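Structure file protein06.txt; described as compact mmCIF, C-alpha atoms.
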```txt
# COMPACT_ATOMS: atom_id res chain seq x y z
CA MET A 1 -33.80 -5.00 24.75
CA THR A 2 -31.84 -6.77 22.09
CA ARG A 3 -30.96 -10.40 22.02
CA ALA A 4 -27.35 -11.42 21.71
CA LEU A 5 -25.35 -14.59 21.22
CA ILE A 6 -22.05 -14.56 23.05
CA ASN A 7 -19.31 -17.10 22.67
CA VAL A 8 -16.53 -17.11 25.27
CA PRO A 9 -14.61 -20.21 26.40
CA LYS A 10 -15.79 -21.27 29.88
CA GLN A 11 -12.31 -22.33 30.90
CA ALA A 12 -8.84 -21.26 29.87
CA LYS A 13 -5.26 -21.58 30.99
CA ARG A 14 -3.63 -18.47 32.44
CA GLY A 15 -2.01 -16.49 29.65
CA ASP A 16 -4.05 -18.10 26.88
CA VAL A 17 -5.28 -15.81 24.13
CA ILE A 18 -9.01 -16.44 23.90
CA GLU A 19 -11.47 -15.41 21.21
CA ILE A 20 -14.69 -13.59 22.10
CA LYS A 21 -17.49 -13.69 19.55
CA VAL A 22 -20.69 -11.64 19.77
CA LEU A 23 -23.73 -11.56 17.53
CA ILE A 24 -26.30 -8.92 18.50
CA SER A 25 -29.80 -8.94 17.08
CA HIS A 26 -30.27 -5.38 15.82
CA ALA A 27 -31.54 -3.84 12.55
CA MET A 28 -28.67 -1.27 12.41
CA GLU A 29 -30.94 1.15 10.53
CA THR A 30 -28.59 3.35 8.48
CA GLY A 31 -30.70 6.51 8.25
CA TYR A 32 -30.24 6.47 4.47
CA ARG A 33 -33.28 4.34 3.66
CA ARG A 34 -36.82 5.49 2.92
CA ASP A 35 -40.09 3.77 3.76
CA SER A 36 -42.87 3.06 1.25
CA MET A 37 -44.23 6.59 1.75
CA GLY A 38 -40.88 8.13 0.85
CA LYS A 39 -40.16 9.26 4.38
CA ALA A 40 -36.58 8.87 5.58
CA ILE A 41 -36.27 6.16 8.21
CA PRO A 42 -34.33 7.65 11.13
CA ARG A 43 -30.92 6.24 11.93
CA ASP A 44 -30.86 3.68 14.72
CA ILE A 45 -27.63 1.78 15.16
CA ILE A 46 -25.45 0.42 17.92
CA ASN A 47 -22.67 3.00 17.90
CA ARG A 48 -20.50 1.82 20.76
CA PHE A 49 -19.39 -1.56 22.03
CA VAL A 50 -17.15 -2.12 25.03
CA CYS A 51 -15.72 -5.32 26.50
CA THR A 52 -14.43 -5.26 30.06
CA TYR A 53 -12.59 -8.09 31.84
CA ASN A 54 -13.11 -7.85 35.61
CA GLY A 55 -13.73 -4.13 35.20
CA THR A 56 -10.75 -3.40 32.94
CA GLU A 57 -11.51 -2.35 29.39
CA VAL A 58 -9.87 -4.76 26.92
CA PHE A 59 -11.68 -3.88 23.69
CA ARG A 60 -13.80 -0.98 22.45
CA ALA A 61 -15.41 -0.37 19.07
CA ASP A 62 -17.02 2.72 17.55
CA LEU A 63 -19.50 1.49 14.97
CA PHE A 64 -20.96 3.35 11.99
CA PRO A 65 -23.95 2.65 9.69
CA ALA A 66 -21.64 0.62 7.43
CA ILE A 67 -21.77 -2.24 9.94
CA ALA A 68 -24.17 -4.92 8.70
CA ALA A 69 -27.51 -5.62 10.37
CA ASN A 70 -27.24 -7.99 13.33
CA PRO A 71 -23.69 -6.88 14.05
CA PHE A 72 -21.09 -9.59 14.53
CA LEU A 73 -17.79 -8.94 16.26
CA SER A 74 -14.91 -11.23 17.01
CA PHE A 75 -11.82 -10.18 18.93
CA PHE A 76 -9.20 -11.57 21.31
CA THR A 77 -8.10 -11.09 24.87
CA VAL A 78 -5.63 -12.70 27.27
CA ALA A 79 -7.12 -14.91 29.98
CA THR A 80 -5.51 -13.37 33.05
CA GLU A 81 -7.72 -14.45 35.95
CA SER A 82 -11.05 -16.03 36.76
CA GLY A 83 -13.91 -13.61 36.75
CA THR A 84 -16.44 -11.85 34.59
CA ILE A 85 -16.25 -10.69 31.02
CA ALA A 86 -18.86 -7.97 30.49
CA LEU A 87 -20.01 -6.89 27.05
CA ASN A 88 -21.79 -3.56 26.86
CA TRP A 89 -23.32 -1.83 23.86
CA THR A 90 -25.04 1.52 23.40
CA GLY A 91 -27.57 2.46 20.73
CA ASP A 92 -28.38 5.80 19.08
CA ASP A 93 -31.39 6.06 21.38
CA GLY A 94 -29.03 6.10 24.35
CA GLN A 95 -30.15 2.69 25.57
CA THR A 96 -27.33 0.64 26.90
CA GLN A 97 -27.26 -3.05 27.60
CA THR A 98 -24.75 -5.28 29.34
CA GLN A 99 -24.34 -9.04 29.27
CA GLU A 100 -21.87 -10.90 31.42
CA VAL A 101 -20.21 -14.26 31.10
CA ASN A 102 -18.03 -16.01 33.62
CA ILE A 103 -14.68 -17.51 32.84
CA THR A 104 -12.56 -19.87 34.94
CA VAL A 105 -8.83 -19.48 34.50
CA ALA A 106 -6.66 -22.30 35.79
CA MET B 107 -48.79 24.59 -0.95
CA GLY B 108 -47.41 23.27 -4.21
CA ASP B 109 -47.86 26.63 -6.01
CA ARG B 110 -46.03 28.66 -3.46
CA LEU B 111 -43.14 26.23 -3.23
CA THR B 112 -42.65 25.82 -6.93
CA SER B 113 -42.71 29.57 -7.50
CA SER B 114 -40.06 30.27 -4.87
CA ALA B 115 -37.85 27.21 -5.46
CA PRO B 116 -36.74 26.14 -8.94
CA THR B 117 -37.85 22.52 -8.66
CA ARG B 118 -39.22 20.29 -5.99
CA ARG B 119 -36.15 18.13 -6.22
CA GLN B 120 -33.73 20.99 -5.63
CA PHE B 121 -35.83 22.19 -2.75
CA LEU B 122 -35.77 18.78 -1.12
CA VAL B 123 -32.02 18.46 -1.64
CA ALA B 124 -31.49 21.85 -0.01
CA VAL B 125 -33.70 21.03 2.95
CA GLY B 126 -32.23 17.56 3.35
CA GLY B 127 -28.70 18.91 3.11
CA CYS B 128 -29.36 21.50 5.81
CA ALA B 129 -30.83 18.91 8.14
CA VAL B 130 -28.03 16.41 7.70
CA ALA B 131 -25.00 18.68 7.38
CA PRO B 132 -24.66 19.66 11.06
CA LEU B 133 -24.92 16.04 12.17
CA LEU B 134 -22.24 14.71 9.88
CA THR B 135 -18.79 16.02 9.32
CA THR B 136 -18.73 14.18 6.02
CA GLN B 137 -20.67 14.75 2.82
CA PRO B 138 -24.18 13.40 3.23
CA ALA B 139 -24.59 12.69 -0.48
CA GLY B 140 -22.00 9.93 -0.50
CA ALA B 141 -18.42 9.35 0.45
CA THR B 142 -15.88 10.09 -2.22
CA SER B 143 -12.14 9.61 -2.15
CA ASP B 144 -12.01 13.18 -0.85
CA SER B 145 -14.30 12.58 2.09
CA MET B 146 -12.47 9.34 2.84
CA ALA B 147 -9.19 11.27 2.86
CA THR B 148 -10.77 13.84 5.19
CA ALA B 149 -12.02 11.13 7.53
CA ILE B 150 -8.59 9.52 7.56
CA ARG B 151 -6.93 12.89 8.30
CA GLU B 152 -9.28 13.37 11.25
CA VAL B 153 -7.98 10.14 12.76
CA ILE B 154 -4.28 10.31 11.95
CA GLY B 155 -3.70 14.06 11.92
CA GLU B 156 -0.50 15.05 10.13
CA ALA B 157 1.16 11.65 10.55
CA THR B 158 2.24 9.62 7.55
CA VAL B 159 0.83 6.17 6.93
CA ARG B 160 3.10 3.35 5.81
CA GLU B 161 1.96 0.22 4.05
CA GLY B 162 2.58 -3.07 5.79
CA LYS B 163 2.04 -4.90 9.08
CA VAL B 164 -1.74 -4.72 8.58
CA LYS B 165 -3.61 -7.48 6.77
CA LEU B 166 -7.15 -6.66 5.64
CA ASP B 167 -9.16 -9.68 4.54
CA LEU B 168 -12.24 -9.24 2.35
CA PRO B 169 -13.57 -11.49 -0.39
CA PRO B 170 -12.52 -9.93 -3.74
CA LEU B 171 -15.90 -10.66 -5.31
CA ILE B 172 -18.96 -9.95 -3.16
CA GLU B 173 -22.41 -11.17 -4.13
CA ASN B 174 -24.31 -9.38 -1.39
CA GLY B 175 -23.10 -6.01 -0.16
CA ASN B 176 -25.43 -6.11 2.83
CA ALA B 177 -23.22 -8.45 4.83
CA VAL B 178 -19.59 -8.63 3.79
CA PRO B 179 -17.26 -10.60 6.08
CA LEU B 180 -14.27 -8.46 6.98
CA SER B 181 -11.34 -9.38 9.13
CA VAL B 182 -8.29 -7.31 9.92
CA SER B 183 -5.13 -8.35 11.71
CA VAL B 184 -1.94 -6.55 12.62
CA GLU B 185 1.40 -8.30 12.86
CA ASN B 186 2.74 -6.78 16.02
CA PRO B 187 3.40 -8.09 19.53
CA MET B 188 0.88 -7.02 22.14
CA THR B 189 3.03 -6.01 25.11
CA GLU B 190 2.88 -3.06 27.52
CA THR B 191 5.56 -1.18 25.59
CA ASP B 192 4.74 -2.25 22.04
CA HIS B 193 1.15 -2.89 21.04
CA VAL B 194 -1.58 -1.95 18.60
CA LYS B 195 -3.62 0.95 19.96
CA SER B 196 -6.39 1.15 17.39
CA VAL B 197 -7.55 -0.11 14.02
CA HIS B 198 -9.76 2.05 11.79
CA ILE B 199 -11.67 0.89 8.71
CA PHE B 200 -12.62 3.32 5.92
CA ASN B 201 -14.41 2.96 2.61
CA GLU B 202 -14.62 5.03 -0.54
CA LYS B 203 -18.20 4.99 -1.80
CA ASN B 204 -20.66 4.32 1.03
CA PRO B 205 -22.70 7.37 2.13
CA GLN B 206 -20.23 7.74 5.02
CA PRO B 207 -16.48 7.05 4.81
CA ASN B 208 -16.19 5.53 8.30
CA VAL B 209 -16.93 1.86 8.83
CA ALA B 210 -15.63 1.18 12.32
CA SER B 211 -12.90 2.07 14.80
CA PHE B 212 -11.53 -0.58 17.14
CA HIS B 213 -9.54 0.31 20.23
CA LEU B 214 -7.21 -2.31 21.62
CA GLY B 215 -4.55 -2.54 24.30
CA PRO B 216 -1.89 -4.91 25.57
CA ARG B 217 -4.67 -6.98 27.16
CA ALA B 218 -6.00 -7.89 23.71
CA GLY B 219 -3.28 -10.52 23.25
CA ARG B 220 -3.70 -10.63 19.51
CA ALA B 221 -4.63 -7.79 17.15
CA ARG B 222 -7.22 -9.55 15.04
CA ILE B 223 -10.85 -8.42 14.62
CA SER B 224 -13.63 -9.83 12.45
CA THR B 225 -17.01 -8.32 11.66
CA ARG B 226 -19.51 -7.96 8.85
CA ILE B 227 -19.99 -4.71 6.95
CA ARG B 228 -22.18 -3.08 4.29
CA LEU B 229 -20.75 -1.99 0.95
CA ALA B 230 -22.77 0.23 -1.40
CA ASP B 231 -20.58 -0.23 -4.48
CA SER B 232 -17.43 -1.76 -5.88
CA GLN B 233 -14.75 0.20 -4.14
CA LYS B 234 -11.60 0.35 -2.08
CA VAL B 235 -11.62 -0.49 1.62
CA ILE B 236 -8.73 0.70 3.79
CA ALA B 237 -7.60 -0.40 7.25
CA ILE B 238 -5.27 1.84 9.24
CA ALA B 239 -3.66 0.71 12.49
CA GLN B 240 -2.01 2.92 15.08
CA LEU B 241 0.77 1.39 17.17
CA SER B 242 1.71 2.45 20.69
CA ASP B 243 4.78 4.28 19.32
CA GLY B 244 2.43 6.53 17.33
CA SER B 245 3.20 5.13 13.88
CA PHE B 246 0.42 4.33 11.40
CA TRP B 247 0.29 1.30 9.10
CA SER B 248 -2.27 0.46 6.47
CA ASP B 249 -3.58 -2.09 4.01
CA SER B 250 -6.22 -1.68 1.32
CA VAL B 251 -8.36 -4.07 -0.68
CA ASP B 252 -10.29 -3.43 -3.89
CA VAL B 253 -13.59 -5.28 -3.95
CA ILE B 254 -16.26 -5.87 -6.57
CA VAL B 255 -19.84 -5.79 -5.28
CA THR B 256 -22.56 -7.30 -7.48
CA LEU B 257 -25.58 -6.64 -5.22
CA ALA B 258 -25.03 -3.30 -3.51
CA ALA B 259 -26.30 -2.48 -0.02
CA CYS B 260 -28.97 0.25 0.18
CA LEU B 261 -28.79 1.02 -3.55
CA GLU B 262 -32.52 1.27 -4.19
CA ASP B 263 -33.22 3.42 -1.16
CA SER B 264 -30.41 5.91 -0.84
CA VAL B 265 -31.38 9.41 0.28
CA SER B 266 -29.78 11.26 -2.62
CA PRO B 267 -32.34 11.90 -5.41
```
Reformat the file's structure so that it appears as structure tokens.
Amino acid sequence: MTRALINVPKQAKRGDVIEIKVLISHAMETGYRRDSMGKAIPRDIINRFVCTYNGTEVFRADLFPAIAANPFLSFFTVATESGTIALNWTGDDGQTQTQEVNITVA
Amino acid sequence: MGDRLTSSAPTRRQFLVAVGGCAVAPLLTTQPAGATSDSMATAIREVIGEATVREGKVKLDLPPLIENGNAVPLSVSVENPMTETDHVKSVHIFNEKNPQPNVASFHLGPRAGRARISTRIRLADSQKVIAIAQLSDGSFWSDSVDVIVTLAACLEDSVSP
């Protein structure tokens, strides 16, 4: 389990363009580093991030080791209706995690 | 163990490079030793195919002088309406000198409202960073920024000997 900070406006007017900001606590191990014994540290990054708005995909990112540790992402979407914005990310180990926030659209 | 290895392989270093290269090569389509302009061009070709890339529309924002390459704020925006018929489909970020040429690929749609993405990236050296956007009509647009990095990311612990 990773911890994440998610910033989405709680309320918006219909048609507003809203900003979604995510900060995920993750080492984003590149696979290019070595430990003190000289052994390569295996790669372990979040390689996929998807944002869905009431089940419809609005943003997707393929991430590579060049993304900094504790990945931060900011992007936009149109507030179309009240409902749930779900953020889902998948790591190299295949573990996937979803966090949801509710939004009220007037 | 040391005797047998050194007699069959020229040096320990070359042996390790060979073994490391074999292990990494199938996993990566790019050169494991470090991205060059060539591998960046290859990575870009894989995304855009035979299409031509024009400069413009895209605005890539990076600080020109970076003190710490471990967390470089990057933001990219595309000046284009986001409607059903005319929108930005994807934005790809590439670099020249990190071990891998890819940084990130963002996929958008008309629901995005505004084609603007911010994140933080790692940069291993002073180099060129390129953003390429694909529009819904299939055209590609790009912007590039040259940056100077004073403290490089993963310099002291890169895999290459």
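Each of B:Thr158, B:Ser143, B:Ser211, B:Asn174 was compared to chain A using only C-alpha atoms, and B:Ser211 turns out to be the nearest.
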Spatial neighbours of region 1-9 of chain A, 9 Å, all atoms listed in the file, chain gap at least 6 places, as number ranges by chain: A: 18-26, 85, 87, 95-97, 99, 101-104
Generate the output file for the selected residues, C-alpha atoms, as a PDB file, in the frame of the given file.
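Result file out24.pdb:
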```pdb
ATOM      1  CA  ILE A  18      -9.010 -16.440  23.900  1.00  0.00           C
ATOM      2  CA  GLU A  19     -11.470 -15.410  21.210  1.00  0.00           C
ATOM      3  CA  ILE A  20     -14.690 -13.590  22.100  1.00  0.00           C
ATOM      4  CA  LYS A  21     -17.490 -13.690  19.550  1.00  0.00           C
ATOM      5  CA  VAL A  22     -20.690 -11.640  19.770  1.00  0.00           C
ATOM      6  CA  LEU A  23     -23.730 -11.560  17.530  1.00  0.00           C
ATOM      7  CA  ILE A  24     -26.300  -8.920  18.500  1.00  0.00           C
ATOM      8  CA  SER A  25     -29.800  -8.940  17.080  1.00  0.00           C
ATOM      9  CA  HIS A  26     -30.270  -5.380  15.820  1.00  0.00           C
ATOM     10  CA  ILE A  85     -16.250 -10.690  31.020  1.00  0.00           C
ATOM     11  CA  LEU A  87     -20.010  -6.890  27.050  1.00  0.00           C
ATOM     12  CA  GLN A  95     -30.150   2.690  25.570  1.00  0.00           C
ATOM     13  CA  THR A  96     -27.330   0.640  26.900  1.00  0.00           C
ATOM     14  CA  GLN A  97     -27.260  -3.050  27.600  1.00  0.00           C
ATOM     15  CA  GLN A  99     -24.340  -9.040  29.270  1.00  0.00           C
ATOM     16  CA  VAL A 101     -20.210 -14.260  31.100  1.00  0.00           C
ATOM     17  CA  ASN A 102     -18.030 -16.010  33.620  1.00  0.00           C
ATOM     18  CA  ILE A 103     -14.680 -17.510  32.840  1.00  0.00           C
ATOM     19  CA  THR A 104     -12.560 -19.870  34.940  1.00  0.00           C
TER      20      THR A 104
END
```
Residues within 6 Å of Lys234 (chain B), only C-alpha atoms, excluding chain neighbours under 3 positions, as a tab-separated table (two decimals) with C-alpha atoms, keeping the file's coordinate frame:
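Once everything was written out, this is around26.tsv:
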```
chain	number	residue	atom	x	y	z
B	202	GLU	CA	-14.62	5.03	-0.54
B	251	VAL	CA	-8.36	-4.07	-0.68
B	252	ASP	CA	-10.29	-3.43	-3.89
```
Please report as a PyMOL selection string which residues of chain A come no farther than 6 Å from chain B, using all atoms listed in the file. chain A and resi 17+32-34+58-64+66-68+72-78
Near Asn186 (chain B), within 8 Å and counting only C-alpha atoms, which residues show up once chain neighbours fewer than 6 positions away are dropped, as a list of chain:residue names?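 With the cut-off at 8 Å, the set is B:Lys163, B:Asp192, B:His193, B:Val194, B:Ala221.
The spacing separating CA of Phe49 (chain A) from CA of Pro187 (chain B) amounts to 23.8 Å.
For the pair CA of Asp44 (chain A) and CA of Gly94 (chain A), the separation is 10.1 Å.
CA of Leu171 (chain B) is positioned 11.9 Å from CA of Ala258 (chain B).
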Of the listed residues A:Met28, A:Ala106, A:Ala69, A:Ala12, that which approaches Ile41 (chain A) most closely, counting only C-alpha atoms: A:Met28
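For the choices B:Leu166, B:Val253, B:Ile236, B:Ile172, the atom-to-atom distance to Ala147 (chain B) is smallest for B:Ile236 when using only C-alpha atoms.
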Could you name the residues that touch Thr30 (chain A) at 7 Å or less, counting all atoms listed in the file, but leaving out those on the same chain fewer than 4 positions away, as a list of chain:residue names?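 Using all atoms listed in the file, the neighbours found are A:Arg43, A:Asp44, A:Ile45, A:Pro65.
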N, CA and C atoms for region 216-234 of chain B, written as a compact mmCIF listing (two decimals), in the frame of the given file, could you do that?
```txt
# COMPACT_ATOMS: atom_id res chain seq x y z
N PRO B 216 -2.73 -3.72 25.36
CA PRO B 216 -1.89 -4.91 25.57
C PRO B 216 -2.70 -6.12 26.04
N ARG B 217 -3.86 -5.87 26.66
CA ARG B 217 -4.67 -6.98 27.16
C ARG B 217 -5.36 -7.74 26.04
N ALA B 218 -5.31 -7.22 24.82
CA ALA B 218 -6.00 -7.89 23.71
C ALA B 218 -5.30 -9.20 23.33
N GLY B 219 -3.99 -9.28 23.54
CA GLY B 219 -3.28 -10.52 23.25
C GLY B 219 -2.95 -10.70 21.79
N ARG B 220 -3.91 -10.46 20.95
CA ARG B 220 -3.70 -10.63 19.51
C ARG B 220 -4.53 -9.56 18.80
N ALA B 221 -3.91 -8.86 17.86
CA ALA B 221 -4.63 -7.79 17.15
C ALA B 221 -5.32 -8.38 15.93
N ARG B 222 -6.47 -8.98 16.16
CA ARG B 222 -7.22 -9.55 15.04
C ARG B 222 -8.71 -9.36 15.34
N ILE B 223 -9.43 -8.71 14.42
CA ILE B 223 -10.85 -8.42 14.62
C ILE B 223 -11.61 -8.84 13.37
N SER B 224 -12.77 -9.48 13.58
CA SER B 224 -13.63 -9.83 12.45
C SER B 224 -15.00 -9.23 12.67
N THR B 225 -15.64 -8.82 11.58
CA THR B 225 -17.01 -8.32 11.66
C THR B 225 -17.65 -8.47 10.29
N ARG B 226 -18.85 -7.95 10.16
CA ARG B 226 -19.51 -7.96 8.85
C ARG B 226 -19.95 -6.54 8.53
N ILE B 227 -19.71 -6.10 7.28
CA ILE B 227 -19.99 -4.71 6.95
C ILE B 227 -20.91 -4.61 5.73
N ARG B 228 -21.36 -3.38 5.47
CA ARG B 228 -22.18 -3.08 4.29
C ARG B 228 -21.30 -2.37 3.27
N LEU B 229 -21.46 -2.70 2.00
CA LEU B 229 -20.75 -1.99 0.95
C LEU B 229 -21.75 -1.59 -0.14
N ALA B 230 -21.76 -0.29 -0.47
CA ALA B 230 -22.77 0.23 -1.40
C ALA B 230 -22.33 0.11 -2.85
N ASP B 231 -21.05 -0.22 -3.09
CA ASP B 231 -20.58 -0.23 -4.48
C ASP B 231 -19.24 -0.95 -4.52
N SER B 232 -18.79 -1.27 -5.73
CA SER B 232 -17.43 -1.76 -5.88
C SER B 232 -16.50 -0.63 -5.51
N GLN B 233 -15.55 -0.89 -4.65
CA GLN B 233 -14.75 0.20 -4.14
C GLN B 233 -13.53 -0.30 -3.39
N LYS B 234 -12.80 0.66 -2.86
CA LYS B 234 -11.60 0.35 -2.08
C LYS B 234 -11.92 0.46 -0.60
```
